Amino acid sequence: MVSILVPVYNAAPYLQECVGSLTGQTYTDLQIVLINDGSTDDSWEVMKTLASQDKRIEIYSQPNCGVAATRNRLLDKVRGDFVLFVDSDDWIELNTIELLMREQEEEDYDIVAYQLSSPIPCNEYYDKEQIVKKFLEHSTFRGSLCDKLVKADLYKGLGIDPTVSYGEDALLIWQVLQRVQKVCVLGKVLYHYRENEDSLSRQHFNGKKFTAYTTWDYISRDTEELWPQYKDLAKARFACEMAQILRFGAMSGYRYDNSVRLLQEEVHRDGHLIRKTRISSIKMSLLAWLVSHSYWLTCRLSRFLK
């Protein structure tokens with residue numbers, strides 16, 4: 001059985017399409033769990049209607065707790081052998097689970113991942129050390145929860161840190177990777193992400209995004225202890241992630257404060273490793289130099305940084 005976990009918050013216009021892509025799967029041994037996280041729209045009413053139409057759907061409702069707490073509660077509801085997260089405003093191809101399970105059964109993979117945007121030429125296969133490196137490189141295997149079929153046992157005893165509001169997925173996936181033996185990455189794009197065009201606007205950027213520092217500081221320190229051969233790669237990834245957050249802040253008009261200063265210090269210390277490790281483009285190296293040396297200038301140049 002595959003447990004599909006869907007946190008729901010104010011997603012009434014999209015739930016029919018999202019859940020329809022789950023109930024319509026060609027692979028039918030499913031547990032579909034939706035938790036309404038205190039929505040203020042008609043999400044709960046839509047969920048009740050959907051649940052009445054398919055006995056595989058389980059629905060729950062709670063006061064607003066945030067996505068981290070909701071995902072943790074979803075994990076507590078798992079009865080399946082495998083777990084797949086889907087966000088409530090997105091949808092997946094109707095043969096997604098069938099393709100993932102078919103690949104999983106070939107070599108008993110711990111994780112079968114797929115692409116969220118651009119396809120890759122062919123499937124890729126990794127052991128633990130290789131997938132850790134791929135995760136830090138952030139290319140065909142990233143920290144998202146929504147592009148991975150994961151053995152349910154790998155989540156046992158783990159959860160999402162509710163104090164981290166940005167990058168919390170990556171922290172959980174990093175911990176899961178320390179338990180895997182074999183991972184497959186499919187070249188196909190099977191997930192359809194509904195992009196919010198206003199995601200970088202002033203009203204959507206707030207100090208909570210700076211909590212990503214906790215995620216990447218933990219991963220960087222953990223890498224140095226467990227995978228010392230990749231410590232420069234982890235520090236370079238840390239610098240890239242913090243540079244991106246500073247860019248988003250500048251684009252949104254976020255004012256300079258101690259959080260900005262903390263991220264600048266990290267990028268200033270390890271930004272040179274971006275070029276050394278070739279983890280990203282020259283453009284990212286230049287961005288890292290800019291945001292670490294002058295947040296004021298970054299704000300002034302923000303319209304050129306999109």
# chains A, B, ... in the order shown; residues from 1 in each chain; ligands from 1
>>> select_by_dssp(residues="range 92-302 of chain A", states="strand (DSSP E or B)", output="list in words")
Ile92, Ile111, Val112, Ala113, Tyr114, Gln115, Glu124, Tyr125, Tyr126, Asp127, Lys148, Leu149, Val150, Lys151, Lys182, Val183, Cys184, Val185, Leu186, Gly187, Lys188, Val189, Tyr191 and His192 of chain A
>>> residues_around(residues="Gln31 in chain A", least_positions_apart="2", cutoff="8 Å", atoms="only C-alpha atoms", output="list of chain:residue names")
A:Met1, A:Val2, A:Ser3, A:Ile4, A:Asp29, A:Val33, A:Arg56, A:Ile57, A:Glu58, A:Val78, A:Arg79, A:Gly80
>>> closest_residue(among="A:Cys240, A:Leu100, A:Leu50, A:Ser139", to="Ile282 in chain A", atoms="only C-alpha atoms")
A:Cys240
>>> closest_residue(among="A:Phe238, A:Tyr114, A:Tyr254, A:Tyr27", to="Leu149 in chain A", atoms="only C-alpha atoms")
A:Tyr114
>>> residues_around(residues="range 11-17 of chain A", least_positions_apart="6", cutoff="7 Å", atoms="only C-alpha atoms", output="compact mmCIF listing (two decimals) with N, CA and C atoms, in the first residue's frame")
# COMPACT_ATOMS: atom_id res chain seq x y z
N ASP A 41 -11.53 28.96 4.05
CA ASP A 41 -12.39 28.88 2.86
C ASP A 41 -13.23 27.61 2.96
N ASP A 42 -13.69 27.09 1.84
CA ASP A 42 -14.56 25.92 1.84
C ASP A 42 -13.81 24.59 1.72
N SER A 43 -12.53 24.58 2.04
CA SER A 43 -11.74 23.36 1.88
C SER A 43 -12.35 22.16 2.61
N VAL A 46 -15.35 20.72 0.79
CA VAL A 46 -14.90 20.00 -0.41
C VAL A 46 -14.31 18.65 -0.01
N SER A 88 -1.73 20.36 -1.73
CA SER A 88 -3.15 20.37 -2.07
C SER A 88 -3.50 21.24 -3.27
N ASP A 89 -2.60 22.07 -3.74
CA ASP A 89 -2.89 22.87 -4.94
C ASP A 89 -2.14 22.33 -6.16
N TRP A 91 -0.94 18.60 -8.58
CA TRP A 91 -1.50 17.32 -9.02
C TRP A 91 -0.41 16.49 -9.66
>>> atom_distance(atom1="CA of Ser302 in chain A", atom2="CA of Ser252 in chain A")
8.4 Å
>>> select_by_dssp(residues="range 71-251 of chain A", states="helix (DSSP H, G or I)", output="CSV table (one decimal) with N, CA, C and O atoms, in the first residue's frame")
chain,number,residue,atom,x,y,z
A,71,ARG,N,2.1,18.1,8.5
A,71,ARG,CA,2.8,17.0,7.9
A,71,ARG,C,3.2,16.0,8.9
A,71,ARG,O,3.2,14.7,8.7
A,72,ASN,N,3.6,16.4,10.1
A,72,ASN,CA,4.0,15.4,11.2
A,72,ASN,C,2.7,14.6,11.6
A,72,ASN,O,2.8,13.4,11.8
A,73,ARG,N,1.6,15.2,11.6
A,73,ARG,CA,0.4,14.5,12.0
A,73,ARG,C,0.0,13.5,10.8
A,73,ARG,O,-0.5,12.4,11.1
A,74,LEU,N,0.2,14.0,9.6
A,74,LEU,CA,0.0,13.1,8.4
A,74,LEU,C,0.8,11.8,8.5
A,74,LEU,O,0.4,10.7,8.3
A,75,LEU,N,2.1,12.0,8.9
A,75,LEU,CA,3.0,10.9,9.1
A,75,LEU,C,2.5,9.9,10.1
A,75,LEU,O,2.7,8.7,10.0
A,76,ASP,N,1.9,10.4,11.2
A,76,ASP,CA,1.3,9.6,12.2
A,76,ASP,C,0.1,8.7,11.7
A,76,ASP,O,-0.2,7.7,12.3
A,96,THR,N,1.6,7.9,-12.1
A,96,THR,CA,2.7,8.2,-11.2
A,96,THR,C,3.1,7.0,-10.3
A,96,THR,O,4.2,6.5,-10.2
A,97,ILE,N,2.1,6.6,-9.5
A,97,ILE,CA,2.4,5.6,-8.5
A,97,ILE,C,2.8,4.3,-9.2
A,97,ILE,O,3.7,3.6,-8.7
A,98,GLU,N,2.1,3.9,-10.3
A,98,GLU,CA,2.4,2.7,-11.0
A,98,GLU,C,3.9,2.7,-11.4
A,98,GLU,O,4.6,1.7,-11.3
A,99,LEU,N,4.3,3.8,-12.0
A,99,LEU,CA,5.7,3.9,-12.5
A,99,LEU,C,6.7,3.9,-11.3
A,99,LEU,O,7.7,3.2,-11.4
A,100,LEU,N,6.4,4.5,-10.2
A,100,LEU,CA,7.3,4.5,-9.1
A,100,LEU,C,7.4,3.2,-8.4
A,100,LEU,O,8.5,2.7,-8.1
A,101,MET,N,6.3,2.5,-8.3
A,101,MET,CA,6.3,1.2,-7.7
A,101,MET,C,6.9,0.1,-8.6
A,101,MET,O,7.6,-0.8,-8.1
A,102,ARG,N,6.7,0.2,-9.9
A,102,ARG,CA,7.3,-0.7,-10.8
A,102,ARG,C,8.9,-0.6,-10.7
A,102,ARG,O,9.6,-1.6,-10.7
A,103,GLU,N,9.4,0.7,-10.6
A,103,GLU,CA,10.8,0.9,-10.5
A,103,GLU,C,11.3,0.4,-9.1
A,103,GLU,O,12.4,-0.2,-9.0
A,104,GLN,N,10.5,0.7,-8.1
A,104,GLN,CA,10.9,0.3,-6.7
A,104,GLN,C,11.1,-1.2,-6.6
A,104,GLN,O,12.1,-1.7,-6.0
A,105,GLU,N,10.2,-1.9,-7.2
A,105,GLU,CA,10.2,-3.4,-7.1
A,105,GLU,C,11.4,-4.0,-7.9
A,105,GLU,O,11.8,-5.2,-7.6
A,106,GLU,N,12.0,-3.3,-8.8
A,106,GLU,CA,13.1,-3.9,-9.6
A,106,GLU,C,14.3,-4.2,-8.7
A,106,GLU,O,14.9,-5.2,-8.8
A,107,GLU,N,14.6,-3.2,-7.8
A,107,GLU,CA,15.8,-3.4,-6.9
A,107,GLU,C,15.6,-3.1,-5.5
A,107,GLU,O,16.5,-2.9,-4.7
A,128,LYS,N,24.2,5.2,-0.9
A,128,LYS,CA,24.1,6.2,0.1
A,128,LYS,C,25.1,7.4,-0.1
A,128,LYS,O,24.7,8.6,-0.1
A,129,GLU,N,26.3,7.1,-0.3
A,129,GLU,CA,27.3,8.1,-0.4
A,129,GLU,C,27.1,9.0,-1.7
A,129,GLU,O,27.2,10.2,-1.6
A,130,GLN,N,26.7,8.3,-2.7
A,130,GLN,CA,26.4,9.1,-4.0
A,130,GLN,C,25.2,10.0,-3.9
A,130,GLN,O,25.2,11.1,-4.4
A,131,ILE,N,24.1,9.5,-3.2
A,131,ILE,CA,22.9,10.3,-3.1
A,131,ILE,C,23.1,11.5,-2.1
A,131,ILE,O,22.5,12.5,-2.3
A,132,VAL,N,23.9,11.3,-1.1
A,132,VAL,CA,24.3,12.4,-0.2
A,132,VAL,C,25.0,13.5,-1.1
A,132,VAL,O,24.6,14.7,-0.9
A,133,LYS,N,25.9,13.2,-1.9
A,133,LYS,CA,26.6,14.1,-2.8
A,133,LYS,C,25.6,14.8,-3.7
A,133,LYS,O,25.6,16.0,-3.9
A,134,LYS,N,24.7,14.0,-4.3
A,134,LYS,CA,23.7,14.6,-5.2
A,134,LYS,C,22.7,15.6,-4.5
A,134,LYS,O,22.4,16.6,-5.0
A,135,PHE,N,22.4,15.2,-3.3
A,135,PHE,CA,21.5,16.1,-2.5
A,135,PHE,C,22.2,17.5,-2.3
A,135,PHE,O,21.6,18.5,-2.4
A,136,LEU,N,23.5,17.4,-1.9
A,136,LEU,CA,24.2,18.7,-1.7
A,136,LEU,C,24.4,19.5,-2.9
A,136,LEU,O,24.4,20.7,-2.9
A,137,GLU,N,24.6,18.8,-4.1
A,137,GLU,CA,24.7,19.4,-5.3
A,137,GLU,C,23.4,20.1,-5.8
A,137,GLU,O,23.4,21.1,-6.5
A,152,ALA,N,8.0,3.7,4.1
A,152,ALA,CA,7.5,4.3,5.3
A,152,ALA,C,8.4,4.2,6.6
A,152,ALA,O,8.4,5.1,7.4
A,153,ASP,N,9.1,3.0,6.6
A,153,ASP,CA,9.9,2.8,7.8
A,153,ASP,C,11.0,3.8,8.0
A,153,ASP,O,11.5,4.1,9.1
A,154,LEU,N,11.4,4.4,6.9
A,154,LEU,CA,12.5,5.4,6.9
A,154,LEU,C,12.1,6.7,7.7
A,154,LEU,O,13.0,7.4,8.1
A,155,TYR,N,10.8,6.9,7.8
A,155,TYR,CA,10.3,8.1,8.5
A,155,TYR,C,10.1,7.9,10.0
A,155,TYR,O,9.9,8.8,10.7
A,168,GLU,N,12.4,23.2,5.8
A,168,GLU,CA,12.1,22.1,6.7
A,168,GLU,C,12.0,20.8,6.0
A,168,GLU,O,12.4,19.7,6.5
A,169,ASP,N,11.6,20.8,4.7
A,169,ASP,CA,11.6,19.6,3.9
A,169,ASP,C,13.0,19.0,3.8
A,169,ASP,O,13.2,17.8,3.9
A,170,ALA,N,13.9,19.9,3.4
A,170,ALA,CA,15.3,19.4,3.2
A,170,ALA,C,15.9,18.8,4.4
A,170,ALA,O,16.7,17.8,4.3
A,171,LEU,N,15.6,19.4,5.6
A,171,LEU,CA,16.2,18.8,6.8
A,171,LEU,C,15.6,17.4,7.1
A,171,LEU,O,16.4,16.5,7.5
A,172,LEU,N,14.4,17.2,6.9
A,172,LEU,CA,13.8,15.8,7.0
A,172,LEU,C,14.4,14.9,6.0
A,172,LEU,O,14.8,13.7,6.4
A,173,ILE,N,14.5,15.3,4.8
A,173,ILE,CA,15.0,14.4,3.7
A,173,ILE,C,16.5,14.1,4.0
A,173,ILE,O,16.9,12.9,3.8
A,174,TRP,N,17.2,15.0,4.5
A,174,TRP,CA,18.6,14.8,4.9
A,174,TRP,C,18.7,13.7,5.9
A,174,TRP,O,19.6,12.8,5.8
A,175,GLN,N,17.8,13.7,6.9
A,175,GLN,CA,17.9,12.7,8.0
A,175,GLN,C,17.5,11.3,7.4
A,175,GLN,O,18.0,10.3,7.8
A,176,VAL,N,16.5,11.3,6.5
A,176,VAL,CA,16.1,10.1,5.8
A,176,VAL,C,17.3,9.5,5.0
A,176,VAL,O,17.5,8.3,5.1
A,177,LEU,N,18.0,10.3,4.4
A,177,LEU,CA,19.1,9.8,3.5
A,177,LEU,C,20.2,9.1,4.3
A,177,LEU,O,20.9,8.2,3.8
A,202,ARG,N,6.5,41.5,-1.7
A,202,ARG,CA,6.7,42.0,-0.3
A,202,ARG,C,5.8,41.4,0.7
A,202,ARG,O,6.3,41.0,1.8
A,203,GLN,N,4.5,41.2,0.4
A,203,GLN,CA,3.6,40.6,1.4
A,203,GLN,C,3.9,39.1,1.7
A,203,GLN,O,3.4,38.6,2.7
A,204,HIS,N,4.6,38.4,0.8
A,204,HIS,CA,4.8,37.0,1.1
A,204,HIS,C,6.2,36.7,1.7
A,204,HIS,O,6.5,35.6,2.1
A,207,GLY,N,10.2,37.2,8.0
A,207,GLY,CA,11.4,36.7,8.7
A,207,GLY,C,11.4,35.2,8.9
A,207,GLY,O,12.5,34.7,9.2
A,208,LYS,N,10.3,34.6,8.7
A,208,LYS,CA,10.3,33.1,8.9
A,208,LYS,C,11.2,32.4,7.9
A,208,LYS,O,11.7,31.3,8.1
A,209,LYS,N,11.4,33.0,6.7
A,209,LYS,CA,12.3,32.4,5.7
A,209,LYS,C,13.7,32.3,6.2
A,209,LYS,O,14.5,31.4,5.8
A,210,PHE,N,14.1,33.1,7.2
A,210,PHE,CA,15.5,33.1,7.7
A,210,PHE,C,15.7,31.8,8.5
A,210,PHE,O,16.9,31.5,8.9
A,211,THR,N,14.6,31.1,8.9
A,211,THR,CA,14.8,29.9,9.6
A,211,THR,C,15.5,28.8,8.8
A,211,THR,O,15.9,27.8,9.3
A,212,ALA,N,15.6,29.0,7.5
A,212,ALA,CA,16.4,28.1,6.7
A,212,ALA,C,17.8,28.0,7.1
A,212,ALA,O,18.5,27.0,6.8
A,213,TYR,N,18.3,29.0,7.8
A,213,TYR,CA,19.6,29.0,8.3
A,213,TYR,C,19.8,27.8,9.2
A,213,TYR,O,20.9,27.1,9.2
A,214,THR,N,18.8,27.5,10.1
A,214,THR,CA,18.9,26.3,11.0
A,214,THR,C,19.0,25.0,10.2
A,214,THR,O,19.9,24.2,10.6
A,215,THR,N,18.3,24.9,9.1
A,215,THR,CA,18.4,23.7,8.3
A,215,THR,C,19.8,23.5,7.7
A,215,THR,O,20.4,22.4,7.9
A,216,TRP,N,20.3,24.5,7.1
A,216,TRP,CA,21.6,24.3,6.3
A,216,TRP,C,22.8,24.4,7.3
A,216,TRP,O,23.8,23.8,7.0
A,217,ASP,N,22.6,25.0,8.4
A,217,ASP,CA,23.7,25.0,9.4
A,217,ASP,C,23.8,23.5,10.0
A,217,ASP,O,24.9,23.0,10.1
A,218,TYR,N,22.6,22.9,10.2
A,218,TYR,CA,22.6,21.6,10.7
A,218,TYR,C,23.2,20.6,9.7
A,218,TYR,O,24.1,19.8,10.0
A,219,ILE,N,22.8,20.7,8.5
A,219,ILE,CA,23.3,19.8,7.4
A,219,ILE,C,24.8,20.0,7.2
A,219,ILE,O,25.5,19.0,7.0
A,220,SER,N,25.2,21.3,7.2
A,220,SER,CA,26.7,21.5,7.0
A,220,SER,C,27.5,20.9,8.2
A,220,SER,O,28.5,20.2,7.9
A,221,ARG,N,27.0,21.1,9.4
A,221,ARG,CA,27.8,20.5,10.5
A,221,ARG,C,27.7,18.9,10.5
A,221,ARG,O,28.7,18.3,10.8
A,222,ASP,N,26.5,18.4,10.1
A,222,ASP,CA,26.4,17.0,10.1
A,222,ASP,C,27.3,16.4,9.0
A,222,ASP,O,27.9,15.3,9.2
A,223,THR,N,27.4,17.1,7.9
A,223,THR,CA,28.2,16.6,6.8
A,223,THR,C,29.7,16.5,7.2
A,223,THR,O,30.4,15.6,6.9
A,224,GLU,N,30.1,17.6,7.9
A,224,GLU,CA,31.5,17.6,8.3
A,224,GLU,C,31.8,16.4,9.2
A,224,GLU,O,32.9,15.9,9.2
A,225,GLU,N,30.8,16.0,10.0
A,225,GLU,CA,31.0,14.8,10.9
A,225,GLU,C,30.9,13.5,10.2
A,225,GLU,O,31.7,12.6,10.4
A,226,LEU,N,29.8,13.4,9.4
A,226,LEU,CA,29.5,12.1,8.8
A,226,LEU,C,30.1,11.8,7.4
A,226,LEU,O,30.4,10.7,7.0
A,228,PRO,N,33.0,13.8,5.8
A,228,PRO,CA,34.0,14.9,5.7
A,228,PRO,C,34.5,15.2,4.3
A,228,PRO,O,35.0,16.3,4.0
A,229,GLN,N,34.4,14.2,3.4
A,229,GLN,CA,34.9,14.4,2.0
A,229,GLN,C,34.0,15.4,1.3
A,229,GLN,O,34.4,15.9,0.2
A,230,TYR,N,32.8,15.6,1.8
A,230,TYR,CA,31.9,16.6,1.2
A,230,TYR,C,31.7,17.9,2.0
A,230,TYR,O,30.7,18.6,1.8
A,231,LYS,N,32.5,18.1,3.0
A,231,LYS,CA,32.3,19.3,3.8
A,231,LYS,C,32.3,20.6,3.0
A,231,LYS,O,31.5,21.5,3.3
A,232,ASP,N,33.2,20.8,2.1
A,232,ASP,CA,33.3,22.0,1.3
A,232,ASP,C,32.0,22.1,0.4
A,232,ASP,O,31.5,23.2,0.2
A,233,LEU,N,31.5,21.0,-0.1
A,233,LEU,CA,30.3,21.0,-0.9
A,233,LEU,C,29.1,21.4,0.0
A,233,LEU,O,28.3,22.2,-0.5
A,234,ALA,N,29.0,20.9,1.2
A,234,ALA,CA,27.9,21.3,2.1
A,234,ALA,C,28.0,22.8,2.5
A,234,ALA,O,27.0,23.5,2.5
A,235,LYS,N,29.2,23.3,2.7
A,235,LYS,CA,29.4,24.7,3.0
A,235,LYS,C,29.0,25.6,1.8
A,235,LYS,O,28.4,26.7,2.0
A,236,ALA,N,29.4,25.1,0.7
A,236,ALA,CA,29.0,25.9,-0.6
A,236,ALA,C,27.5,25.9,-0.7
A,236,ALA,O,26.9,26.9,-1.1
A,237,ARG,N,26.8,24.8,-0.5
A,237,ARG,CA,25.4,24.7,-0.6
A,237,ARG,C,24.7,25.7,0.5
A,237,ARG,O,23.8,26.4,0.2
A,238,PHE,N,25.3,25.7,1.7
A,238,PHE,CA,24.8,26.6,2.7
A,238,PHE,C,24.9,28.0,2.2
A,238,PHE,O,23.9,28.8,2.3
A,239,ALA,N,26.0,28.4,1.6
A,239,ALA,CA,26.2,29.7,1.1
A,239,ALA,C,25.2,30.1,0.0
A,239,ALA,O,24.6,31.2,0.0
A,240,CYS,N,25.0,29.1,-0.9
A,240,CYS,CA,24.1,29.3,-2.0
A,240,CYS,C,22.6,29.6,-1.5
A,240,CYS,O,21.9,30.5,-1.9
A,241,GLU,N,22.2,28.7,-0.5
A,241,GLU,CA,20.9,28.9,0.0
A,241,GLU,C,20.7,30.2,0.8
A,241,GLU,O,19.6,30.8,0.6
A,242,MET,N,21.7,30.6,1.5
A,242,MET,CA,21.6,31.9,2.2
A,242,MET,C,21.6,33.1,1.3
A,242,MET,O,20.9,34.1,1.5
A,243,ALA,N,22.4,33.0,0.2
A,243,ALA,CA,22.5,34.0,-0.8
A,243,ALA,C,21.1,34.2,-1.5
A,243,ALA,O,20.7,35.3,-1.7
A,244,GLN,N,20.4,33.1,-1.7
A,244,GLN,CA,19.1,33.1,-2.4
A,244,GLN,C,18.1,33.8,-1.5
A,244,GLN,O,17.3,34.6,-1.9
A,245,ILE,N,18.2,33.5,-0.2
A,245,ILE,CA,17.2,34.1,0.7
A,245,ILE,C,17.5,35.6,0.8
A,245,ILE,O,16.5,36.4,0.9
A,246,LEU,N,18.7,36.0,0.9
A,246,LEU,CA,19.0,37.4,0.9
A,246,LEU,C,18.6,38.1,-0.4
A,246,LEU,O,18.1,39.2,-0.4
A,247,ARG,N,18.7,37.4,-1.5
A,247,ARG,CA,18.1,37.9,-2.8
A,247,ARG,C,16.6,38.1,-2.7
A,247,ARG,O,16.1,39.2,-3.1
A,248,PHE,N,15.9,37.1,-2.2
A,248,PHE,CA,14.5,37.2,-2.1
A,248,PHE,C,14.1,38.4,-1.2
A,248,PHE,O,13.2,39.1,-1.4
A,249,GLY,N,14.8,38.5,-0.1
A,249,GLY,CA,14.6,39.6,0.9
A,249,GLY,C,14.8,41.0,0.2
A,249,GLY,O,13.9,41.9,0.4
A,250,ALA,N,15.8,41.1,-0.5
A,250,ALA,CA,16.1,42.4,-1.2
A,250,ALA,C,15.0,42.7,-2.2
A,250,ALA,O,14.6,43.8,-2.4
A,251,MET,N,14.6,41.7,-3.0
A,251,MET,CA,13.6,41.9,-4.0
A,251,MET,C,12.3,42.3,-3.4
A,251,MET,O,11.4,43.0,-4.0
